[in-house]
$ cat protein-v6.tsv   # TSV, C-alpha atoms and all ligand atoms
chain	number	residue	atom	x	y	z
A	1	MET	CA	26.94	101.43	221.54
A	2	ALA	CA	28.94	98.31	220.72
A	3	PRO	CA	32.67	98.90	220.72
A	4	VAL	CA	34.14	98.94	217.25
A	5	GLN	CA	36.88	96.41	216.83
A	6	ARG	CA	39.94	97.56	214.97
A	7	SER	CA	40.12	95.36	211.91
A	8	THR	CA	43.65	96.01	210.81
A	9	VAL	CA	45.39	96.54	214.10
A	10	GLN	CA	49.08	95.99	213.71
A	11	SER	CA	51.69	95.06	216.22
A	12	SER	CA	51.04	97.75	218.82
A	13	THR	CA	50.93	95.22	221.62
A	14	SER	CA	54.27	93.69	220.75
A	15	LEU	CA	55.88	97.13	220.69
A	16	GLY	CA	53.91	98.44	223.65
A	17	SER	CA	52.50	101.94	223.38
A	18	SER	CA	55.71	103.52	224.67
A	19	GLY	CA	57.66	101.79	221.88
A	20	TRP	CA	56.28	104.19	219.29
A	21	THR	CA	58.69	107.05	218.98
A	22	ASP	CA	57.96	109.78	216.43
A	23	ALA	CA	60.68	108.45	214.13
A	24	ARG	CA	59.19	104.94	214.17
A	25	LEU	CA	55.69	106.27	213.56
A	26	ILE	CA	56.86	108.36	210.61
A	27	LEU	CA	58.46	105.26	209.13
A	28	ALA	CA	55.43	103.05	209.88
A	29	LEU	CA	53.07	105.56	208.24
A	30	GLU	CA	55.17	106.14	205.12
A	31	GLU	CA	53.19	103.58	203.12
A	32	VAL	CA	49.91	105.19	204.12
A	33	VAL	CA	51.26	108.60	203.14
A	34	GLU	CA	52.22	107.20	199.74
A	35	LYS	CA	48.76	105.74	199.21
A	36	GLU	CA	46.99	108.89	200.39
A	37	LEU	CA	49.25	111.09	198.28
A	38	ASP	CA	48.33	109.07	195.17
A	39	ARG	CA	44.66	109.29	196.05
A	40	HIS	CA	44.96	113.04	196.66
A	41	LEU	CA	46.71	113.64	193.34
A	42	SER	CA	44.07	111.65	191.50
A	43	VAL	CA	41.17	113.70	192.93
A	44	ALA	CA	42.69	117.20	193.24
A	45	LYS	CA	41.82	119.09	190.07
A	46	GLU	CA	43.98	121.93	188.82
A	47	TRP	CA	42.33	125.35	189.10
A	48	MET	CA	43.43	128.84	188.15
A	49	PRO	CA	43.16	131.53	190.82
A	50	HIS	CA	43.25	134.35	188.24
A	51	GLU	CA	40.00	133.11	186.68
A	52	PHE	CA	38.13	133.84	189.92
A	53	VAL	CA	39.23	137.46	190.28
A	54	PRO	CA	37.06	140.21	188.67
A	55	TRP	CA	40.01	142.18	187.30
A	56	SER	CA	37.68	144.57	185.43
A	57	GLN	CA	36.68	146.04	188.82
A	58	GLY	CA	40.30	146.97	189.58
A	59	ARG	CA	41.92	150.42	189.30
A	60	ASP	CA	45.04	152.22	190.51
A	61	PHE	CA	45.37	153.19	194.14
A	62	ASP	CA	46.72	156.50	195.41
A	63	GLY	CA	50.41	156.77	196.17
A	64	VAL	CA	52.99	155.96	193.47
A	65	LEU	CA	50.45	155.78	190.63
A	66	GLY	CA	48.30	158.67	191.82
A	67	GLY	CA	45.05	156.70	191.62
A	68	GLU	CA	42.04	156.70	193.91
A	69	ALA	CA	42.44	156.19	197.66
A	70	TRP	CA	40.63	153.29	199.28
A	71	SER	CA	37.38	153.85	201.10
A	72	VAL	CA	34.94	151.40	202.56
A	73	GLU	CA	31.92	152.06	200.32
A	74	GLN	CA	33.87	151.06	197.18
A	75	SER	CA	33.10	147.40	197.77
A	76	GLN	CA	29.83	145.50	198.21
A	77	VAL	CA	31.42	143.10	200.71
A	78	THR	CA	29.68	143.06	204.12
A	79	ALA	CA	31.43	144.19	207.33
A	80	LEU	CA	31.39	140.58	208.56
A	81	GLY	CA	32.77	139.37	205.23
A	82	ARG	CA	35.59	141.94	205.40
A	83	VAL	CA	36.68	140.92	208.90
A	84	SER	CA	36.54	137.21	208.05
A	85	LEU	CA	38.35	137.61	204.74
A	86	VAL	CA	41.19	139.44	206.45
A	87	VAL	CA	41.54	136.78	209.17
A	88	ASN	CA	41.40	134.00	206.56
A	89	LEU	CA	43.97	135.71	204.34
A	90	LEU	CA	46.41	136.54	207.15
A	91	THR	CA	46.11	132.94	208.32
A	92	GLU	CA	46.99	131.73	204.82
A	93	ASP	CA	49.82	134.29	204.64
A	94	ASN	CA	51.80	132.59	207.38
A	95	LEU	CA	52.49	129.65	205.08
A	96	PRO	CA	56.30	129.89	205.35
A	97	SER	CA	56.00	129.22	209.08
A	98	TYR	CA	53.55	126.33	208.57
A	99	HIS	CA	55.85	124.84	205.94
A	100	HIS	CA	58.74	125.07	208.36
A	101	GLU	CA	56.73	123.36	211.11
A	102	ILE	CA	55.51	120.42	209.01
A	103	ALA	CA	58.77	119.99	207.09
A	104	SER	CA	60.62	119.82	210.43
A	105	MET	CA	58.11	117.32	211.80
A	106	PHE	CA	57.43	115.08	208.78
A	107	GLY	CA	60.74	115.54	206.93
A	108	ARG	CA	61.47	116.39	203.31
A	109	GLU	CA	62.25	112.85	202.15
A	110	GLY	CA	60.17	110.28	200.26
A	111	ALA	CA	56.38	110.39	200.21
A	112	TRP	CA	56.26	112.61	203.31
A	113	GLY	CA	58.46	115.20	201.58
A	114	THR	CA	56.42	115.05	198.37
A	115	TRP	CA	53.25	115.66	200.38
A	116	VAL	CA	54.77	118.53	202.37
A	117	HIS	CA	55.79	120.34	199.17
A	118	ARG	CA	52.59	119.62	197.28
A	119	TRP	CA	50.49	120.79	200.23
A	120	THR	CA	52.57	123.97	200.47
A	121	ALA	CA	52.05	124.68	196.76
A	122	GLU	CA	48.29	124.25	197.07
A	123	GLU	CA	48.11	126.44	200.17
A	124	GLY	CA	50.13	129.12	198.38
A	125	ARG	CA	47.32	129.44	195.84
A	126	HIS	CA	44.85	130.41	198.57
A	127	GLY	CA	46.68	133.51	199.72
A	128	ILE	CA	47.29	134.60	196.12
A	129	ALA	CA	43.65	134.17	195.10
A	130	ILE	CA	42.15	135.90	198.15
A	131	ARG	CA	44.58	138.85	198.08
A	132	ASP	CA	44.00	139.37	194.34
A	133	TYR	CA	40.24	139.36	194.92
A	134	LEU	CA	40.43	141.79	197.86
A	135	LEU	CA	42.62	144.28	196.03
A	136	ALA	CA	40.82	144.12	192.67
A	137	THR	CA	37.43	144.66	194.33
A	138	ARG	CA	38.72	147.11	196.98
A	139	ALA	CA	37.12	145.03	199.70
A	140	VAL	CA	39.71	145.96	202.36
A	141	ASP	CA	42.03	148.83	203.22
A	142	PRO	CA	45.24	147.80	201.38
A	143	VAL	CA	47.51	149.75	203.75
A	144	GLU	CA	46.00	148.22	206.87
A	145	LEU	CA	46.14	144.79	205.26
A	146	GLU	CA	49.81	145.10	204.38
A	147	ARG	CA	50.71	146.35	207.86
A	148	ALA	CA	48.77	143.49	209.45
A	149	ARG	CA	50.51	140.99	207.17
A	150	MET	CA	53.94	142.35	208.09
A	151	SER	CA	53.15	142.27	211.77
A	152	HIS	CA	51.61	138.78	211.68
A	153	MET	CA	54.34	137.19	209.57
A	154	SER	CA	57.08	138.88	211.56
A	155	GLU	CA	55.76	137.10	214.65
A	156	GLY	CA	55.90	133.76	212.81
A	157	PHE	CA	53.86	130.75	213.84
A	158	GLU	CA	54.92	128.10	216.27
A	159	SER	CA	52.85	124.95	216.45
A	160	ASP	CA	51.45	123.95	219.85
A	161	ASN	CA	52.07	120.37	218.77
A	162	ALA	CA	55.68	120.40	217.59
A	163	HIS	CA	56.66	118.04	220.42
A	164	SER	CA	54.50	115.18	219.08
A	165	MET	CA	54.08	113.71	215.63
A	166	LEU	CA	50.68	112.22	216.45
A	167	GLN	CA	49.43	115.49	217.92
A	168	SER	CA	50.60	117.28	214.79
A	169	VAL	CA	48.63	114.89	212.56
A	170	ALA	CA	45.55	115.11	214.80
A	171	TYR	CA	45.74	118.91	214.86
A	172	VAL	CA	45.91	119.34	211.09
A	173	ALA	CA	43.03	116.90	210.55
A	174	PHE	CA	40.75	119.18	212.61
A	175	GLN	CA	42.37	122.42	211.53
A	176	GLU	CA	42.00	121.78	207.78
A	177	LEU	CA	38.30	121.14	208.31
A	178	ALA	CA	38.03	124.27	210.48
A	179	THR	CA	39.65	126.25	207.68
A	180	ARG	CA	37.31	124.74	205.12
A	181	ILE	CA	34.26	125.75	207.14
A	182	ALA	CA	35.65	129.24	207.84
A	183	HIS	CA	36.24	129.88	204.11
A	184	ARG	CA	32.88	128.44	203.12
A	185	ASN	CA	30.90	130.47	205.66
A	186	THR	CA	32.88	133.62	204.90
A	187	GLY	CA	31.81	133.22	201.28
A	188	LYS	CA	28.22	132.66	202.34
A	189	TYR	CA	28.06	135.93	204.31
A	190	ALA	CA	30.39	138.08	202.17
A	191	GLY	CA	27.60	139.63	200.13
A	192	ASP	CA	29.30	139.01	196.77
A	193	PRO	CA	28.58	135.86	194.73
A	194	LEU	CA	32.04	136.13	193.11
A	195	CYS	CA	33.67	136.02	196.53
A	196	GLU	CA	31.53	133.03	197.49
A	197	GLN	CA	32.52	131.23	194.30
A	198	LEU	CA	36.23	131.80	194.96
A	199	LEU	CA	36.04	130.75	198.61
A	200	ALA	CA	34.08	127.61	197.71
A	201	LYS	CA	37.01	126.65	195.50
A	202	VAL	CA	39.50	127.30	198.31
A	203	ALA	CA	37.29	125.39	200.77
A	204	ASN	CA	37.32	122.42	198.42
A	205	ASP	CA	41.14	122.29	198.59
A	206	GLU	CA	40.98	122.46	202.41
A	207	ASN	CA	38.54	119.57	202.41
A	208	LEU	CA	40.95	117.39	200.46
A	209	HIS	CA	43.72	118.30	202.90
A	210	MET	CA	41.46	117.29	205.79
A	211	VAL	CA	40.72	113.94	204.14
A	212	PHE	CA	44.45	113.27	203.72
A	213	TYR	CA	45.26	113.94	207.38
A	214	ARG	CA	42.10	112.26	208.68
A	215	ASN	CA	43.01	109.06	206.83
A	216	LEU	CA	46.51	109.28	208.24
A	217	LEU	CA	45.06	109.67	211.72
A	218	LYS	CA	42.90	106.61	211.10
A	219	ALA	CA	46.01	104.57	210.30
A	220	ALA	CA	47.72	105.96	213.42
A	221	LEU	CA	44.75	104.83	215.52
A	222	GLU	CA	45.23	101.33	214.14
A	223	ILE	CA	49.00	101.24	214.64
A	224	ALA	CA	49.28	102.98	218.02
A	225	PRO	CA	45.72	103.27	219.40
A	226	ASP	CA	46.50	104.41	222.93
A	227	GLN	CA	49.00	107.05	221.87
A	228	ALA	CA	46.77	108.26	219.03
A	229	MET	CA	43.78	108.51	221.40
A	230	ARG	CA	45.91	110.56	223.81
A	231	ALA	CA	46.99	112.83	220.96
A	232	ILE	CA	43.41	113.37	219.78
A	233	ALA	CA	42.22	114.15	223.33
A	234	ASP	CA	45.05	116.63	223.88
A	235	VAL	CA	44.45	118.40	220.57
A	236	VAL	CA	40.67	118.59	220.89
A	237	THR	CA	40.72	119.85	224.49
A	238	ASP	CA	43.31	122.51	223.72
A	239	PHE	CA	42.43	123.55	220.18
A	240	ARG	CA	43.14	127.02	218.86
A	241	MET	CA	43.07	128.35	215.32
A	242	PRO	CA	46.41	129.01	213.59
A	243	GLY	CA	45.50	132.68	213.16
A	244	HIS	CA	45.37	133.40	216.90
A	245	GLY	CA	48.45	135.65	216.61
A	246	ILE	CA	46.83	138.06	214.13
A	247	PRO	CA	46.69	141.65	215.42
A	248	GLY	CA	43.20	142.25	216.87
A	249	PHE	CA	42.34	138.55	216.61
A	250	GLU	CA	40.14	138.44	219.73
A	251	ARG	CA	37.88	141.23	218.52
A	252	ALA	CA	37.71	139.79	215.00
A	253	ALA	CA	36.99	136.30	216.37
A	254	ALA	CA	34.09	137.69	218.43
A	255	GLN	CA	32.54	139.26	215.31
A	256	ILE	CA	33.15	136.08	213.31
A	257	ALA	CA	31.49	134.03	216.06
A	258	LEU	CA	28.46	136.28	216.38
A	259	GLY	CA	27.98	136.45	212.62
A	260	GLY	CA	27.92	132.65	212.33
A	261	VAL	CA	31.11	132.23	210.30
A	262	TYR	CA	32.91	130.30	213.02
A	263	ASN	CA	31.89	129.77	216.63
A	264	LEU	CA	31.65	127.12	219.34
A	265	ARG	CA	28.53	125.53	217.86
A	266	ILE	CA	30.15	125.28	214.43
A	267	HIS	CA	33.41	124.05	215.96
A	268	HIS	CA	31.59	121.30	217.85
A	269	ASP	CA	29.06	120.27	215.19
A	270	ASP	CA	30.85	120.86	211.89
A	271	VAL	CA	34.51	120.33	212.76
A	272	LEU	CA	35.10	118.11	215.81
A	273	GLN	CA	32.14	115.75	215.51
A	274	PRO	CA	32.44	114.85	211.80
A	275	VAL	CA	36.10	113.82	212.19
A	276	LEU	CA	35.52	111.99	215.48
A	277	ARG	CA	32.48	110.21	214.09
A	278	HIS	CA	34.23	109.23	210.88
A	279	LEU	CA	37.10	107.72	212.86
A	280	LYS	CA	34.64	106.23	215.39
A	281	VAL	CA	36.91	107.65	218.07
A	282	MET	CA	34.36	107.38	220.89
A	283	GLU	CA	33.49	103.78	219.97
A	284	ILE	CA	36.94	102.27	219.68
A	285	GLY	CA	37.28	99.35	222.10
A	286	GLY	CA	40.18	97.22	223.25
A	287	LEU	CA	42.24	100.20	224.43
A	288	GLY	CA	44.82	100.05	227.22
A	289	PRO	CA	44.36	102.12	230.40
A	290	GLU	CA	46.00	105.22	228.85
A	291	GLY	CA	43.74	105.06	225.81
A	292	VAL	CA	40.62	104.59	227.92
A	293	LEU	CA	41.57	107.55	230.09
A	294	ALA	CA	42.08	109.76	227.04
A	295	GLN	CA	38.79	108.57	225.47
A	296	ASN	CA	36.92	109.39	228.69
A	297	GLU	CA	38.53	112.83	228.93
A	298	LEU	CA	37.45	113.48	225.36
A	299	GLY	CA	33.85	112.44	226.12
A	300	VAL	CA	33.64	114.75	229.15
A	301	PHE	CA	35.17	117.61	227.19
A	302	LEU	CA	32.75	117.24	224.26
A	303	ASP	CA	29.74	117.28	226.59
A	304	GLY	CA	31.06	120.45	228.22
A	305	LEU	CA	31.71	122.06	224.85
A	306	ASP	CA	28.21	121.25	223.69
A	307	SER	CA	26.67	123.00	226.69
A	308	GLN	CA	29.04	125.97	226.27
A	309	ALA	CA	27.93	126.13	222.63
A	310	ARG	CA	24.30	126.15	223.76
A	311	LYS	CA	24.99	129.08	226.09
A	312	PHE	CA	26.78	130.89	223.28
A	313	GLU	CA	23.75	130.41	221.02
A	314	GLU	CA	21.45	131.90	223.67
A	315	ARG	CA	23.73	134.93	224.00
A	316	GLN	CA	23.95	135.22	220.22
A	317	ALA	CA	20.14	135.13	219.86
A	318	ALA	CA	19.72	137.78	222.58
A	319	ILE	CA	22.27	140.12	220.96
A	320	MET	CA	20.69	139.66	217.54
A	321	ALA	CA	17.21	140.36	218.94
A	322	ARG	CA	18.48	143.57	220.65
A	323	ARG	CA	20.09	144.70	217.40
A	324	ALA	CA	16.92	144.02	215.41
A	325	ALA	CA	14.82	145.95	217.97
A	326	ARG	CA	17.27	148.88	217.81
A	327	ARG	CA	17.12	148.89	214.00
A	328	SER	CA	13.32	148.87	213.92
A	329	ALA	CA	13.22	151.76	216.47
A	330	GLU	CA	15.47	153.92	214.26
B	1	FE	FE	44.51	127.24	202.78
B	2	FE	FE	44.63	123.37	203.72
$ encode --input "protein-v6.tsv" --output "structure tokens" --more "lines below"
Ligand SMILES: [Fe+2]
Ligand SMILES: [Fe+2]
Amino acid sequence: MAPVQRSTVQSSTSLGSSGWTDARLILALEEVVEKELDRHLSVAKEWMPHEFVPWSQGRDFDGVLGGEAWSVEQSQVTALGRVSLVVNLLTEDNLPSYHHEIASMFGREGAWGTWVHRWTAEEGRHGIAIRDYLLATRAVDPVELERARMSHMSEGFESDNAHSMLQSVAYVAFQELATRIAHRNTGKYAGDPLCEQLLAKVANDENLHMVFYRNLLKAALEIAPDQAMRAIADVVTDFRMPGHGIPGFERAAAQIALGGVYNLRIHHDDVLQPVLRHLKVMEIGGLGPEGVLAQNELGVFLDGLDSQARKFEERQAAIMARRAARRSAE
């Protein structure tokens, strides 16, 4: 494939790749943030979380109001949907920690600050909407949910990328898309069209967040190509979801993977590849030795991930076939 020439490369050579400190990059990208913020505000449509919640299904719980205790058969949501919804909600719940991380990294001034606050406000809507839905429809045990929220938020969230501005931007570009796909697929398998409708709305917000960060990463690749390539390689090869600290995450993640909400195949095909392809990351030419090294590392990693994903799919098919055989024998 012919190397893609960077059309709007700025003065990276005169500065040298080591000349780009985080502070200089934040300053250099301010104009792009302003432009992307304007674009975001012009396409993001206001929506009302309360309109998506079937309040008529709600009733008092036991305890203070002496209502009916929760039990699993009260909701039509599938077991897979329940697990995924809880992971998605607890991930959204840690917003104060995410806000702290990005406000510390990007600052609270100018266009960066406006974006940080706007993004936080939009993310806040997701937790509200999903919790309201879960409680009104009795889709999850409210006591367990509250205890998990307390435990998860009390741990806080510390970004793996807080040491690098470029890594932070690269991470959120992939992570917002990962979140979009996780919400969308959760809706698809939840077993309730109302839940799917709500999560499609949330997923749409996540997609716009991804576009914002992806475009910022594109500008970073033009300004500081070698450093940006290094950041992308580091983030992709060491990616983990922000909800990894949730109590019981490993077990939940295994169910979510097997059920097809989020797994290695989805991560490779629907999250990593679309962003990398859009930015033409594997085709960028004219890199210095550091950039070339990072690009090669990325290529090797993606090949390995693809074959791991293939092995996962074989295991998944075998488990599903065993389950189907067991069901038909019953
Ligand atoms: Fe969100
Ligand atoms: Fe988001």
$ residues_near_ligand --input "protein-v6.tsv" --ligand "ligand FE 2 (chain B)" --cutoff "10 Å" --atoms "only C-alpha atoms and all ligand atoms" --output "PDB file with C-alpha atoms, keeping the file's coordinate frame"
ATOM      1  CA  GLU A  92      46.990 131.730 204.820  1.00  0.00           C
ATOM      2  CA  TRP A 119      50.490 120.790 200.230  1.00  0.00           C
ATOM      3  CA  THR A 120      52.570 123.970 200.470  1.00  0.00           C
ATOM      4  CA  GLU A 122      48.290 124.250 197.070  1.00  0.00           C
ATOM      5  CA  GLU A 123      48.110 126.440 200.170  1.00  0.00           C
ATOM      6  CA  GLY A 124      50.130 129.120 198.380  1.00  0.00           C
ATOM      7  CA  HIS A 126      44.850 130.410 198.570  1.00  0.00           C
ATOM      8  CA  VAL A 172      45.910 119.340 211.090  1.00  0.00           C
ATOM      9  CA  ALA A 173      43.030 116.900 210.550  1.00  0.00           C
ATOM     10  CA  GLN A 175      42.370 122.420 211.530  1.00  0.00           C
ATOM     11  CA  GLU A 176      42.000 121.780 207.780  1.00  0.00           C
ATOM     12  CA  LEU A 177      38.300 121.140 208.310  1.00  0.00           C
ATOM     13  CA  ALA A 178      38.030 124.270 210.480  1.00  0.00           C
ATOM     14  CA  THR A 179      39.650 126.250 207.680  1.00  0.00           C
ATOM     15  CA  ARG A 180      37.310 124.740 205.120  1.00  0.00           C
ATOM     16  CA  VAL A 202      39.500 127.300 198.310  1.00  0.00           C
ATOM     17  CA  ALA A 203      37.290 125.390 200.770  1.00  0.00           C
ATOM     18  CA  ASN A 204      37.320 122.420 198.420  1.00  0.00           C
ATOM     19  CA  ASP A 205      41.140 122.290 198.590  1.00  0.00           C
ATOM     20  CA  GLU A 206      40.980 122.460 202.410  1.00  0.00           C
ATOM     21  CA  ASN A 207      38.540 119.570 202.410  1.00  0.00           C
ATOM     22  CA  LEU A 208      40.950 117.390 200.460  1.00  0.00           C
ATOM     23  CA  HIS A 209      43.720 118.300 202.900  1.00  0.00           C
ATOM     24  CA  MET A 210      41.460 117.290 205.790  1.00  0.00           C
TER      25      MET A 210
END
$ closest_residue --input "protein-v6.tsv" --among "A:Lys201, A:Arg59, A:Arg108, A:Arg265" --to "ligand FE 1 (chain B)" --atoms "only C-alpha atoms and all ligand atoms"
A:Lys201
$ residues_around --input "protein-v6.tsv" --residues "range 253-255 of chain A" --least-positions-apart "4" --cutoff "9 Å" --atoms "all atoms listed in the file" --output "list in words"
Leu80, Val83, Ser84, Val87, His244, Gly248, Phe249, Gly259, Gly260, Val261, Tyr262 and Asn263 of chain A
$ residues_around --input "protein-v6.tsv" --residues "Glu31 in chain A" --least-positions-apart "5" --cutoff "12 Å" --atoms "all atoms listed in the file" --output "list in words"
Leu25, Ile26, Glu36, Leu37, Asp38, Gly110, Ala111, Trp112, Leu216, Ala219 and Ala220 of chain A
$ atom_distance --input "protein-v6.tsv" --atom1 "CA of Asp270 in chain A" --atom2 "CA of Ile319 in chain A"
23.0 Å
$ atom_distance --input "protein-v6.tsv" --atom1 "CA of Thr91 in chain A" --atom2 "CA of Glu146 in chain A"
13.3 Å
$ closest_residue --input "protein-v6.tsv" --among "A:Ala318, A:Pro247, A:Arg230, A:Val275" --to "Pro289 in chain A" --atoms "only C-alpha atoms"
A:Arg230
$ closest_residue --input "protein-v6.tsv" --among "A:Asp93, A:Asp234, A:Asp132, A:Glu144" --to "Glu51 in chain A" --atoms "all atoms listed in the file"
A:Asp132
$ closest_residue --input "protein-v6.tsv" --among "A:Arg184, A:His163, A:Arg125, A:Arg149" --to "ligand FE 1 (chain B)" --atoms "all atoms listed in the file"
A:Arg125
$ atom_distance --input "protein-v6.tsv" --atom1 "CA of Ala28 in chain A" --atom2 "CA of His40 in chain A"
19.6 Å
$ build_atoms --input "protein-v6.tsv" --residues "range 304-312 of chain A" --atoms "all heavy atoms" --output "PDB file, in the coordinates of the input"
ATOM      1  N   GLY A 304      30.909 119.087 227.705  1.00  0.00           N
ATOM      2  CA  GLY A 304      31.060 120.450 228.220  1.00  0.00           C
ATOM      3  C   GLY A 304      31.020 121.467 227.092  1.00  0.00           C
ATOM      4  O   GLY A 304      30.390 122.520 227.207  1.00  0.00           O
ATOM      5  N   LEU A 305      31.670 121.140 225.996  1.00  0.00           N
ATOM      6  CA  LEU A 305      31.710 122.060 224.850  1.00  0.00           C
ATOM      7  C   LEU A 305      30.312 122.256 224.268  1.00  0.00           C
ATOM      8  O   LEU A 305      29.930 123.366 223.891  1.00  0.00           O
ATOM      9  CB  LEU A 305      32.662 121.504 223.778  1.00  0.00           C
ATOM     10  CG  LEU A 305      32.972 122.437 222.623  1.00  0.00           C
ATOM     11  CD1 LEU A 305      33.765 123.649 223.104  1.00  0.00           C
ATOM     12  CD2 LEU A 305      33.761 121.723 221.520  1.00  0.00           C
ATOM     13  N   ASP A 306      29.570 121.175 224.217  1.00  0.00           N
ATOM     14  CA  ASP A 306      28.210 121.250 223.690  1.00  0.00           C
ATOM     15  C   ASP A 306      27.360 122.187 224.543  1.00  0.00           C
ATOM     16  O   ASP A 306      26.608 123.010 224.011  1.00  0.00           O
ATOM     17  CB  ASP A 306      27.605 119.836 223.655  1.00  0.00           C
ATOM     18  CG  ASP A 306      26.292 119.810 222.886  1.00  0.00           C
ATOM     19  OD1 ASP A 306      26.214 120.472 221.835  1.00  0.00           O
ATOM     20  OD2 ASP A 306      25.350 119.141 223.355  1.00  0.00           O
ATOM     21  N   SER A 307      27.505 122.105 225.868  1.00  0.00           N
ATOM     22  CA  SER A 307      26.670 123.000 226.690  1.00  0.00           C
ATOM     23  C   SER A 307      27.189 124.431 226.624  1.00  0.00           C
ATOM     24  O   SER A 307      26.402 125.379 226.648  1.00  0.00           O
ATOM     25  CB  SER A 307      26.499 122.485 228.125  1.00  0.00           C
ATOM     26  OG  SER A 307      27.726 122.440 228.763  1.00  0.00           O
ATOM     27  N   GLN A 308      28.509 124.609 226.483  1.00  0.00           N
ATOM     28  CA  GLN A 308      29.040 125.970 226.270  1.00  0.00           C
ATOM     29  C   GLN A 308      28.496 126.542 224.965  1.00  0.00           C
ATOM     30  O   GLN A 308      28.180 127.720 224.872  1.00  0.00           O
ATOM     31  CB  GLN A 308      30.564 125.910 226.125  1.00  0.00           C
ATOM     32  CG  GLN A 308      31.350 126.203 227.378  1.00  0.00           C
ATOM     33  CD  GLN A 308      32.833 126.111 227.053  1.00  0.00           C
ATOM     34  OE1 GLN A 308      33.380 125.014 226.963  1.00  0.00           O
ATOM     35  NE2 GLN A 308      33.479 127.224 226.854  1.00  0.00           N
ATOM     36  N   ALA A 309      28.429 125.692 223.943  1.00  0.00           N
ATOM     37  CA  ALA A 309      27.930 126.130 222.630  1.00  0.00           C
ATOM     38  C   ALA A 309      26.464 126.537 222.745  1.00  0.00           C
ATOM     39  O   ALA A 309      26.028 127.508 222.128  1.00  0.00           O
ATOM     40  CB  ALA A 309      28.100 125.023 221.599  1.00  0.00           C
ATOM     41  N   ARG A 310      25.708 125.814 223.571  1.00  0.00           N
ATOM     42  CA  ARG A 310      24.300 126.150 223.760  1.00  0.00           C
ATOM     43  C   ARG A 310      24.177 127.525 224.425  1.00  0.00           C
ATOM     44  O   ARG A 310      23.367 128.353 224.025  1.00  0.00           O
ATOM     45  CB  ARG A 310      23.615 125.067 224.598  1.00  0.00           C
ATOM     46  CG  ARG A 310      22.189 124.805 224.140  1.00  0.00           C
ATOM     47  CD  ARG A 310      21.580 123.567 224.778  1.00  0.00           C
ATOM     48  NE  ARG A 310      22.378 122.375 224.563  1.00  0.00           N
ATOM     49  CZ  ARG A 310      22.794 121.543 225.534  1.00  0.00           C
ATOM     50  NH1 ARG A 310      22.500 121.785 226.788  1.00  0.00           N
ATOM     51  NH2 ARG A 310      23.505 120.468 225.241  1.00  0.00           N
ATOM     52  N   LYS A 311      25.022 127.767 225.418  1.00  0.00           N
ATOM     53  CA  LYS A 311      24.990 129.080 226.090  1.00  0.00           C
ATOM     54  C   LYS A 311      25.368 130.184 225.115  1.00  0.00           C
ATOM     55  O   LYS A 311      24.795 131.269 225.113  1.00  0.00           O
ATOM     56  CB  LYS A 311      25.946 129.084 227.289  1.00  0.00           C
ATOM     57  CG  LYS A 311      25.344 128.391 228.494  1.00  0.00           C
ATOM     58  CD  LYS A 311      26.254 128.504 229.709  1.00  0.00           C
ATOM     59  CE  LYS A 311      25.913 127.423 230.715  1.00  0.00           C
ATOM     60  NZ  LYS A 311      27.065 126.708 231.232  1.00  0.00           N
ATOM     61  N   PHE A 312      26.372 129.902 224.281  1.00  0.00           N
ATOM     62  CA  PHE A 312      26.780 130.890 223.280  1.00  0.00           C
ATOM     63  C   PHE A 312      25.593 131.227 222.366  1.00  0.00           C
ATOM     64  O   PHE A 312      25.322 132.393 222.081  1.00  0.00           O
ATOM     65  CB  PHE A 312      27.950 130.383 222.423  1.00  0.00           C
ATOM     66  CG  PHE A 312      28.140 131.184 221.166  1.00  0.00           C
ATOM     67  CD1 PHE A 312      28.763 132.421 221.201  1.00  0.00           C
ATOM     68  CD2 PHE A 312      27.621 130.738 219.951  1.00  0.00           C
ATOM     69  CE1 PHE A 312      28.881 133.193 220.059  1.00  0.00           C
ATOM     70  CE2 PHE A 312      27.735 131.508 218.801  1.00  0.00           C
ATOM     71  CZ  PHE A 312      28.369 132.735 218.854  1.00  0.00           C
TER      72      PHE A 312
END
